[in-house]
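Shown next: work_16.csv, containing CSV, C-alpha atoms and all ligand atoms.
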```
chain,number,residue,atom,x,y,z
A,1,MET,CA,25.1,-7.3,-1.9
A,2,SER,CA,26.9,-8.3,1.3
A,3,PRO,CA,25.3,-11.2,3.2
A,4,ILE,CA,22.8,-10.4,6.0
A,5,LEU,CA,24.4,-13.0,8.1
A,6,GLU,CA,28.1,-13.9,8.1
A,7,ILE,CA,29.5,-16.7,10.2
A,8,SER,CA,33.1,-17.4,10.1
A,9,GLY,CA,35.2,-20.0,12.0
A,10,LEU,CA,32.5,-20.3,14.6
A,11,SER,CA,33.2,-22.9,17.4
A,12,LYS,CA,31.5,-23.6,20.7
A,13,THR,CA,32.8,-25.7,23.5
A,14,TYR,CA,30.3,-25.9,26.5
A,15,ALA,CA,31.6,-25.7,30.1
A,16,SER,CA,31.3,-29.5,30.2
A,17,GLY,CA,34.1,-29.6,27.6
A,18,PHE,CA,31.7,-30.8,24.9
A,19,GLN,CA,32.4,-29.2,21.5
A,20,ALA,CA,29.0,-28.5,20.0
A,21,LEU,CA,30.2,-26.5,17.0
A,22,LYS,CA,33.5,-26.9,15.0
A,23,HIS,CA,34.7,-24.1,12.9
A,24,VAL,CA,31.4,-23.3,11.1
A,25,ASP,CA,31.5,-20.9,8.1
A,26,LEU,CA,28.2,-19.7,6.5
A,27,ALA,CA,27.0,-16.7,4.6
A,28,ILE,CA,23.3,-16.1,4.2
A,29,GLU,CA,22.1,-13.7,1.5
A,30,THR,CA,19.3,-11.2,2.0
A,31,GLY,CA,15.9,-12.6,1.0
A,32,GLU,CA,16.8,-16.3,0.9
A,33,ILE,CA,15.1,-19.2,2.7
A,34,PHE,CA,17.8,-21.4,4.2
A,35,ALA,CA,17.0,-24.7,5.8
A,36,LEU,CA,19.5,-26.2,8.3
A,37,LEU,CA,19.1,-30.0,8.4
A,38,GLY,CA,20.6,-32.2,11.0
A,39,PRO,CA,20.0,-35.0,13.4
A,40,ASN,CA,19.3,-34.6,17.1
A,41,GLY,CA,22.3,-33.0,18.9
A,42,ALA,CA,23.9,-31.8,15.7
A,43,GLY,CA,24.4,-28.3,16.9
A,44,LYS,CA,21.4,-26.5,15.2
A,45,THR,CA,20.1,-24.9,18.4
A,46,THR,CA,23.5,-24.0,19.6
A,47,LEU,CA,24.2,-22.2,16.3
A,48,ILE,CA,20.9,-20.2,16.4
A,49,SER,CA,21.4,-19.4,20.1
A,50,ILE,CA,24.8,-17.9,19.4
A,51,VAL,CA,23.5,-15.7,16.6
A,52,CYS,CA,20.7,-14.6,18.8
A,53,GLY,CA,23.0,-13.8,21.7
A,54,LEU,CA,21.6,-16.5,24.1
A,55,VAL,CA,24.8,-18.5,24.1
A,56,ASN,CA,28.4,-17.2,24.0
A,57,ARG,CA,30.7,-18.3,21.2
A,58,THR,CA,34.1,-19.8,22.0
A,59,ASP,CA,35.7,-18.8,18.8
A,60,GLY,CA,35.0,-17.1,15.5
A,61,THR,CA,32.9,-14.2,14.3
A,62,VAL,CA,29.2,-13.6,13.6
A,63,THR,CA,27.9,-10.4,12.0
A,64,VAL,CA,24.3,-9.4,11.2
A,65,ALA,CA,24.2,-6.8,8.4
A,66,GLY,CA,27.7,-6.0,9.4
A,67,ALA,CA,27.1,-5.7,13.1
A,68,ASP,CA,29.1,-8.0,15.4
A,69,ILE,CA,26.8,-10.0,17.6
A,70,GLU,CA,28.9,-9.4,20.7
A,71,ARG,CA,30.6,-5.9,20.2
A,72,ASP,CA,27.5,-4.5,18.7
A,73,TYR,CA,24.9,-6.6,20.3
A,74,ARG,CA,21.9,-4.3,20.4
A,75,ALA,CA,22.2,-3.3,16.7
A,76,ALA,CA,22.6,-7.0,15.7
A,77,ARG,CA,19.9,-8.3,17.9
A,78,SER,CA,17.3,-5.8,16.8
A,79,LEU,CA,17.5,-7.1,13.2
A,80,ILE,CA,16.8,-10.7,14.4
A,81,GLY,CA,13.5,-12.4,15.2
A,82,LEU,CA,13.6,-15.8,16.8
A,83,VAL,CA,10.7,-18.3,16.8
A,84,PRO,CA,11.6,-20.9,19.5
A,85,GLN,CA,10.0,-24.3,19.6
A,86,GLU,CA,8.0,-23.7,22.8
A,87,LEU,CA,6.2,-20.7,24.3
A,88,ALA,CA,7.7,-20.5,27.7
A,89,THR,CA,6.0,-17.4,29.3
A,90,ASP,CA,3.1,-15.1,28.9
A,91,ARG,CA,0.4,-17.6,29.7
A,92,PHE,CA,-1.9,-15.2,31.4
A,93,GLU,CA,-1.4,-12.3,29.0
A,94,SER,CA,-3.6,-11.5,26.0
A,95,VAL,CA,-2.3,-12.0,22.5
A,96,TRP,CA,-2.2,-8.3,21.9
A,97,ASP,CA,-0.4,-7.4,25.0
A,98,THR,CA,2.3,-10.0,24.6
A,99,VAL,CA,3.0,-9.1,21.0
A,100,ALA,CA,3.0,-5.3,21.8
A,101,PHE,CA,5.4,-6.0,24.7
A,102,SER,CA,7.8,-7.9,22.4
A,103,ARG,CA,8.0,-4.9,20.2
A,104,GLY,CA,8.7,-2.6,23.1
A,105,LEU,CA,11.6,-4.8,24.2
A,106,PHE,CA,13.5,-3.7,21.2
A,107,GLY,CA,12.8,0.0,21.8
A,108,ARG,CA,10.6,0.3,18.7
A,109,PRO,CA,8.0,3.0,18.8
A,110,LYS,CA,4.3,1.9,19.1
A,111,ASN,CA,2.8,1.0,15.8
A,112,PRO,CA,-0.8,-0.4,16.3
A,113,ALA,CA,-1.4,-0.5,12.5
A,114,TYR,CA,1.6,-2.8,12.0
A,115,LEU,CA,0.6,-5.1,14.8
A,116,GLU,CA,-2.9,-5.2,13.5
A,117,LYS,CA,-1.7,-6.3,10.1
A,118,LEU,CA,0.6,-8.8,11.7
A,119,LEU,CA,-2.1,-10.4,13.7
A,120,ARG,CA,-4.5,-10.4,10.8
A,121,ASP,CA,-1.9,-12.0,8.5
A,122,LEU,CA,-1.4,-14.7,11.2
A,123,SER,CA,-5.2,-15.2,11.6
A,124,LEU,CA,-4.8,-14.0,15.2
A,125,TRP,CA,-6.8,-10.8,15.0
A,126,GLU,CA,-10.1,-12.4,16.3
A,127,LYS,CA,-8.1,-13.8,19.2
A,128,ARG,CA,-6.3,-10.6,20.2
A,129,ASP,CA,-8.0,-10.3,23.5
A,130,GLU,CA,-7.8,-13.9,24.5
A,131,ARG,CA,-5.3,-15.2,27.1
A,132,ILE,CA,-2.6,-17.2,25.6
A,133,MET,CA,-3.3,-20.2,27.9
A,134,ALA,CA,-6.7,-20.5,26.3
A,135,LEU,CA,-5.4,-20.9,22.8
A,136,SER,CA,-4.9,-24.1,20.9
A,137,GLY,CA,-1.4,-25.4,20.2
A,138,GLY,CA,-1.6,-24.2,16.6
A,139,MET,CA,-2.7,-20.7,17.7
A,140,LYS,CA,0.2,-20.6,20.2
A,141,ARG,CA,2.6,-21.3,17.5
A,142,ARG,CA,1.2,-18.3,15.5
A,143,VAL,CA,1.6,-16.1,18.6
A,144,LEU,CA,5.3,-17.2,18.7
A,145,ILE,CA,5.7,-16.0,15.2
A,146,ALA,CA,3.9,-12.7,15.9
A,147,LYS,CA,6.1,-12.1,18.9
A,148,ALA,CA,9.2,-12.7,16.8
A,149,LEU,CA,8.0,-10.4,14.0
A,150,ALA,CA,6.7,-7.6,16.3
A,151,HIS,CA,9.8,-5.5,16.1
A,152,GLU,CA,10.1,-5.9,12.2
A,153,PRO,CA,13.3,-7.9,12.1
A,154,ARG,CA,15.1,-8.5,8.8
A,155,LEU,CA,16.3,-12.0,9.7
A,156,LEU,CA,14.0,-14.6,11.1
A,157,PHE,CA,15.0,-17.9,12.7
A,158,LEU,CA,12.4,-20.6,13.0
A,159,ASP,CA,13.5,-23.5,15.2
A,160,GLU,CA,11.6,-26.6,14.0
A,161,PRO,CA,8.6,-24.5,13.0
A,162,THR,CA,6.3,-27.4,12.2
A,163,ALA,CA,7.4,-30.1,14.7
A,164,GLY,CA,4.3,-31.8,15.9
A,165,VAL,CA,1.8,-29.6,14.1
A,166,ASP,CA,-1.0,-31.0,11.8
A,167,VAL,CA,-0.8,-30.9,8.0
A,168,GLU,CA,-3.0,-27.9,7.7
A,169,LEU,CA,-1.0,-25.7,10.1
A,170,ARG,CA,2.2,-26.9,8.4
A,171,ARG,CA,0.9,-25.7,5.0
A,172,ASP,CA,-0.1,-22.4,6.6
A,173,MET,CA,3.3,-22.0,8.1
A,174,TRP,CA,4.9,-22.7,4.7
A,175,ARG,CA,2.6,-20.1,3.0
A,176,LEU,CA,3.5,-17.6,5.8
A,177,ILE,CA,7.2,-18.1,5.4
A,178,ARG,CA,7.0,-17.5,1.7
A,179,GLU,CA,5.0,-14.3,2.2
A,180,LEU,CA,7.6,-13.1,4.7
A,181,ARG,CA,10.2,-13.6,2.1
A,182,GLU,CA,8.2,-11.5,-0.3
A,183,THR,CA,8.4,-8.6,2.2
A,184,GLY,CA,12.2,-8.9,2.2
A,185,VAL,CA,12.7,-11.0,5.4
A,186,THR,CA,15.5,-13.5,5.3
A,187,VAL,CA,14.4,-16.9,6.8
A,188,ILE,CA,16.6,-19.5,8.4
A,189,LEU,CA,14.7,-22.6,9.6
A,190,THR,CA,15.9,-25.8,11.3
A,191,THR,CA,14.0,-28.9,10.5
A,192,HIS,CA,14.0,-32.6,10.9
A,193,TYR,CA,11.7,-32.9,7.9
A,194,ILE,CA,13.4,-33.4,4.6
A,195,GLU,CA,10.1,-32.7,2.9
A,196,GLU,CA,10.0,-29.3,4.6
A,197,ALA,CA,13.5,-28.4,3.3
A,198,GLU,CA,12.5,-29.6,-0.2
A,199,GLU,CA,9.4,-27.6,-0.2
A,200,MET,CA,10.7,-24.4,1.3
A,201,ALA,CA,14.3,-23.8,1.0
A,202,ASP,CA,16.4,-22.0,-1.6
A,203,ARG,CA,19.5,-23.5,-0.1
A,204,ILE,CA,20.1,-26.4,2.3
A,205,GLY,CA,22.8,-26.8,4.9
A,206,VAL,CA,23.5,-30.1,6.6
A,207,ILE,CA,25.0,-30.1,10.0
A,208,THR,CA,26.2,-33.1,12.0
A,209,GLY,CA,28.4,-33.5,15.0
A,210,GLY,CA,28.9,-29.7,15.1
A,211,GLU,CA,30.3,-29.6,11.5
A,212,LEU,CA,28.5,-28.0,8.6
A,213,ILE,CA,29.3,-30.6,6.1
A,214,LEU,CA,27.2,-29.4,3.1
A,215,VAL,CA,25.7,-26.2,1.9
A,216,GLU,CA,24.1,-26.4,-1.5
A,217,GLU,CA,21.3,-24.9,-3.7
A,218,LYS,CA,18.2,-26.9,-3.4
A,219,ALA,CA,18.1,-27.2,-7.2
A,220,ALA,CA,21.5,-28.8,-7.2
A,221,LEU,CA,20.4,-31.3,-4.6
A,222,MET,CA,17.3,-32.0,-6.5
A,223,ALA,CA,19.4,-32.8,-9.5
A,224,LYS,CA,21.1,-35.5,-7.4
A,225,LEU,CA,17.6,-36.5,-6.3
A,226,GLY,CA,16.6,-37.0,-9.9
A,227,ARG,CA,19.5,-39.5,-10.5
A,228,LYS,CA,18.0,-42.8,-11.4
A,229,GLU,CA,19.5,-46.1,-12.4
A,230,LEU,CA,17.9,-48.8,-14.6
A,231,ILE,CA,19.5,-52.1,-13.9
A,232,LEU,CA,19.1,-54.8,-16.5
A,233,GLN,CA,20.0,-58.4,-15.7
A,234,LEU,CA,21.4,-59.8,-18.8
A,235,CYS,CA,20.7,-63.3,-20.2
A,236,GLU,CA,24.4,-63.6,-21.2
A,237,PRO,CA,27.2,-61.7,-19.5
A,238,LEU,CA,28.9,-59.0,-21.7
A,239,SER,CA,32.7,-58.4,-21.6
A,240,GLU,CA,32.2,-54.9,-23.0
A,241,ILE,CA,29.4,-52.5,-24.0
A,242,PRO,CA,28.5,-52.9,-27.7
A,243,ALA,CA,29.7,-49.9,-29.7
A,244,ALA,CA,26.1,-49.5,-31.1
A,245,LEU,CA,25.0,-48.4,-27.7
A,246,GLY,CA,27.7,-45.8,-27.2
A,247,ARG,CA,25.4,-42.8,-27.0
A,248,HIS,CA,23.9,-44.0,-23.7
A,249,LYS,CA,25.5,-43.6,-20.3
A,250,LEU,CA,26.0,-47.3,-19.6
A,251,GLU,CA,28.1,-49.4,-17.1
A,252,LEU,CA,28.7,-53.0,-16.7
A,253,ARG,CA,28.5,-54.5,-13.2
A,254,ALA,CA,28.4,-57.8,-11.5
A,255,GLY,CA,31.0,-59.3,-13.8
A,256,GLY,CA,29.2,-58.2,-16.9
A,257,SER,CA,25.9,-59.8,-16.0
A,258,GLU,CA,24.2,-56.4,-15.1
A,259,LEU,CA,24.0,-53.5,-17.5
A,260,VAL,CA,23.3,-50.3,-15.7
A,261,TYR,CA,21.8,-47.2,-17.3
A,262,VAL,CA,22.3,-44.0,-15.2
A,263,TYR,CA,19.9,-41.2,-16.2
A,264,ASP,CA,18.3,-38.0,-14.9
A,265,ALA,CA,14.8,-39.0,-14.0
A,266,THR,CA,13.4,-35.5,-14.5
A,267,ARG,CA,14.6,-35.2,-18.1
A,268,GLU,CA,15.7,-38.4,-19.9
A,269,SER,CA,13.0,-41.0,-19.2
A,270,ALA,CA,12.0,-41.0,-22.9
A,271,ASP,CA,15.5,-42.4,-23.6
A,272,VAL,CA,14.7,-45.6,-21.7
A,273,ALA,CA,12.3,-46.6,-24.5
A,274,SER,CA,14.9,-46.1,-27.3
A,275,LEU,CA,17.6,-47.9,-25.2
A,276,VAL,CA,15.4,-51.0,-24.9
A,277,THR,CA,14.8,-51.0,-28.7
A,278,GLU,CA,18.5,-50.5,-29.4
A,279,LEU,CA,19.5,-53.3,-27.0
A,280,SER,CA,17.3,-55.7,-28.8
A,281,ALA,CA,18.7,-54.6,-32.2
A,282,ALA,CA,22.3,-55.1,-30.8
A,283,GLY,CA,21.3,-58.6,-29.7
A,284,VAL,CA,21.6,-57.9,-26.0
A,285,HIS,CA,18.7,-59.6,-24.1
A,286,PHE,CA,17.7,-59.2,-20.5
A,287,ARG,CA,15.7,-61.4,-18.2
A,288,ASP,CA,14.8,-58.9,-15.5
A,289,LEU,CA,15.1,-55.2,-14.7
A,290,ARG,CA,14.7,-52.9,-11.7
A,291,THR,CA,15.2,-49.2,-11.1
A,292,THR,CA,16.6,-47.3,-8.1
A,293,GLN,CA,16.4,-43.6,-7.3
A,294,SER,CA,18.4,-41.6,-4.7
A,295,SER,CA,16.2,-39.4,-2.6
A,296,LEU,CA,17.3,-36.3,-0.6
A,297,GLU,CA,16.7,-38.5,2.4
A,298,ASP,CA,19.3,-41.0,1.1
A,299,ILE,CA,21.8,-38.1,0.4
A,300,PHE,CA,21.1,-36.8,3.9
A,301,VAL,CA,21.5,-40.1,5.7
A,302,GLY,CA,24.7,-40.9,3.7
A,303,LEU,CA,26.2,-37.5,4.7
A,304,VAL,CA,25.3,-37.8,8.3
A,305,ASN,CA,26.7,-41.3,8.5
A,306,GLY,CA,30.1,-40.1,7.6
A,307,GLY,CA,30.2,-39.3,3.9
A,308,ARG,CA,30.7,-35.9,2.3
A,309,ALA,CA,29.1,-34.5,-0.8
B,401,LIG,N1,24.5,-26.2,28.0
B,401,LIG,C1,25.1,-27.3,27.5
B,401,LIG,N2,26.1,-27.9,28.1
B,401,LIG,C2,26.7,-29.0,27.6
B,401,LIG,N3,26.3,-29.6,26.4
B,401,LIG,C3,25.3,-29.0,25.7
B,401,LIG,C4,24.6,-27.8,26.2
B,401,LIG,N4,23.7,-27.5,25.3
B,401,LIG,C5,23.7,-28.4,24.3
B,401,LIG,N5,24.7,-29.3,24.6
B,401,LIG,C6,25.1,-30.4,23.7
B,401,LIG,O1,25.5,-29.9,22.4
B,401,LIG,C7,25.1,-30.7,21.4
B,401,LIG,C8,24.3,-29.9,20.4
B,401,LIG,O2,23.1,-29.5,20.9
B,401,LIG,P1,22.0,-28.7,20.1
B,401,LIG,O3,20.8,-28.4,21.0
B,401,LIG,O4,22.7,-27.5,19.5
B,401,LIG,O5,21.6,-29.7,19.0
B,401,LIG,P2,20.4,-29.7,17.9
B,401,LIG,O6,21.0,-29.9,16.6
B,401,LIG,O7,19.6,-28.4,18.1
B,401,LIG,O8,19.5,-30.9,18.4
B,401,LIG,P3,17.9,-31.1,18.4
B,401,LIG,O9,17.6,-31.4,17.0
B,401,LIG,O10,17.8,-32.4,19.2
B,401,LIG,O11,17.3,-29.9,19.0
B,401,LIG,C9,24.3,-31.9,22.0
B,401,LIG,O12,25.1,-33.0,22.1
B,401,LIG,C10,23.9,-31.3,23.4
B,401,LIG,O13,23.8,-32.3,24.3
```
Take the structure from the file and write it as structure tokens.
Ligand SMILES: Nc1ncnc2c1ncn2[C@@H]1O[C@H](COP(=O)(O)OP(=O)(O)OP(=O)(O)O)[C@@H](O)[C@H]1O
Amino acid sequence: MSPILEISGLSKTYASGFQALKHVDLAIETGEIFALLGPNGAGKTTLISIVCGLVNRTDGTVTVAGADIERDYRAARSLIGLVPQELATDRFESVWDTVAFSRGLFGRPKNPAYLEKLLRDLSLWEKRDERIMALSGGMKRRVLIAKALAHEPRLLFLDEPTAGVDVELRRDMWRLIRELRETGVTVILTTHYIEEAEEMADRIGVITGGELILVEEKAALMAKLGRKELILQLCEPLSEIPAALGRHKLELRAGGSELVYVYDATRESADVASLVTELSAAGVHFRDLRTTQSSLEDIFVGLVNGGRA
């Protein structure tokens, strides 16, 4: 299947001369949940804004289901829903009117049954006649999602969907995003929360300084996450690892005074017990031990501070 979103060589230099995106390539498959992680000012909003036709690209191509976002703007844009961070307008309108209006903007025929289902799914049905200004912050967020979905898009962008919301609403959002995927909607979300990316995403992209420096399956990142080290401080330094311990992944560090066992925390923890028994049998004694574990946060911070995966 061809990707629903294809970005190739995308660059953006603002009128100020600032280059916010540098040759970004990215293909998003239909039905996936993709999380774009990056620090403030990384270029996430610029990227989304270009795809949604709010900002002009400087260079490169972007197609949505094959439609070029500039040459074929209407076709491309009608496939996209955008949930921005803030609700800017519509304060005096009712929930129903504002959502129905959003659908009309894309030239879609009226479909009250669809809108009713949408509002019910978002727990907004009881509030349909209320003015938006009278809603709580959480309910306003739901209205933003309803507006973005009113024209039945196939690709949904959520810009920081859970920034500043309480835990309950965050869980609700996550459930909702999963349900959307069940209906075939592809979801791209930007987030500052590593936990959110871990929880939700099939794939994770890391952007910093306008460069997309990593795109990886979450499972592969979690495998890195699962990497653990057991560091044993030896009573006597070793010059080499005893042959009897050859089946374990061991390294000597600190001039032979530390023996380090690197293992996958999700699978091989039972081996720690046998290693300790075998060490004792081989006459290797230790006076202290500690473990370290890399988290997705460590990986992320390392990447953003200049490394590459
Ligand atoms: N209209 C503009 N003119 C000049 N520079 C801009 C403009 N809009 C954004 N920038 C700059 O481009 C960079 C990327 O901004 P962008 O909003 O895309 O980042 P972001 O990753 O979404 O950040 P945040 O997480 O803070 O929302 C920033 O340094 C920003 O100051």
Set out as JSON lines a contact list for region 179-270 of chain A and region 67-84 of chain A with a cut-off of 12 Å, giving each residue of region 179-270 of chain A that qualifies its closest atom pair and distance in Å to one decimal, counting only C-alpha atoms, ordered by chain and rising residue number.
```
{"residue": "A:Val185", "atom": "CA", "partner": "A:Ile80", "partner_atom": "CA", "distance": 9.9}
{"residue": "A:Thr186", "atom": "CA", "partner": "A:Ile80", "partner_atom": "CA", "distance": 9.6}
{"residue": "A:Val187", "atom": "CA", "partner": "A:Gly81", "partner_atom": "CA", "distance": 9.6}
{"residue": "A:Ile188", "atom": "CA", "partner": "A:Leu82", "partner_atom": "CA", "distance": 9.7}
{"residue": "A:Leu189", "atom": "CA", "partner": "A:Val83", "partner_atom": "CA", "distance": 9.3}
{"residue": "A:Thr190", "atom": "CA", "partner": "A:Pro84", "partner_atom": "CA", "distance": 10.5}
```
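One distance worth recording is that between CA of Phe106 (chain A) and CA of Cys52 (chain A), which is 13.3 Å.
For the choices A:Ala220, A:Ile207, A:Leu169, A:Leu245, the atom-to-atom distance to ligand LIG 401 (chain B) is smallest for A:Ile207 when using only C-alpha atoms and all ligand atoms.
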- Item | All residues 10 Å or closer to Asp129 (chain A), only C-alpha atoms, same chain fewer than 3 positions away omitted, as a VMD selection string | chain A and resid 93 to 97 124 to 126 132
- Task: Could the residues that lie within 12 Å of ligand LIG 401 (chain B), counting all atoms listed in the file, be listed as a VMD selection string?
- Result: chain A and resid 11 to 22 36 to 50 54 to 56 84 to 86 158 to 161 163 189 to 193 206 to 212
Give me the region 213-259 of chain A side of the contact with region 269-287 of chain A, cut-off 7 Å, one line per residue showing its nearest atom pair and distance in Å at one decimal, counting all atoms listed in the file, sorted by chain and residue number, as a tab-separated table.
```
residue	atom	partner	partner_atom	distance
A:Leu232	CA	A:Phe286	CA	6.1
A:Gln233	CA	A:Phe286	CA	5.4
A:Leu234	CA	A:Phe286	CA	4.1
A:Cys235	CA	A:Phe286	CA	5.1
A:Ala244	CA	A:Ala282	CA	6.8
```
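Closest to Ile299 (chain A) among A:Leu10, A:Ile194, A:Gly53, A:Leu115 is A:Ile194, based on only C-alpha atoms.
You can rank A:Leu5, A:Ala65, A:Leu119, A:Val167 by their closest distance to Phe34 (chain A) using all atoms listed in the file, and at the top of that list sits A:Leu5.
Here the question is which of A:Leu26, A:Val62, A:Asp172, A:His248 gets nearest to Gly205 (chain A) using all atoms listed in the file, and that residue is A:Leu26.
Residues in contact range of Arg171 (chain A), defined as at most 10 Å between all atoms listed in the file, with sequence neighbours fewer than 6 positions away removed, read Thr162, Val165, Ile177 and Glu196 of chain A.
Nearest residue to Asp121 (chain A) among A:Arg253, A:Arg57, A:Arg142, A:Arg170 is A:Arg142, counting all atoms listed in the file.
A straight line drawn from CA of Ala113 (chain A) to CA of Gly31 (chain A) is 24.0 Å long.
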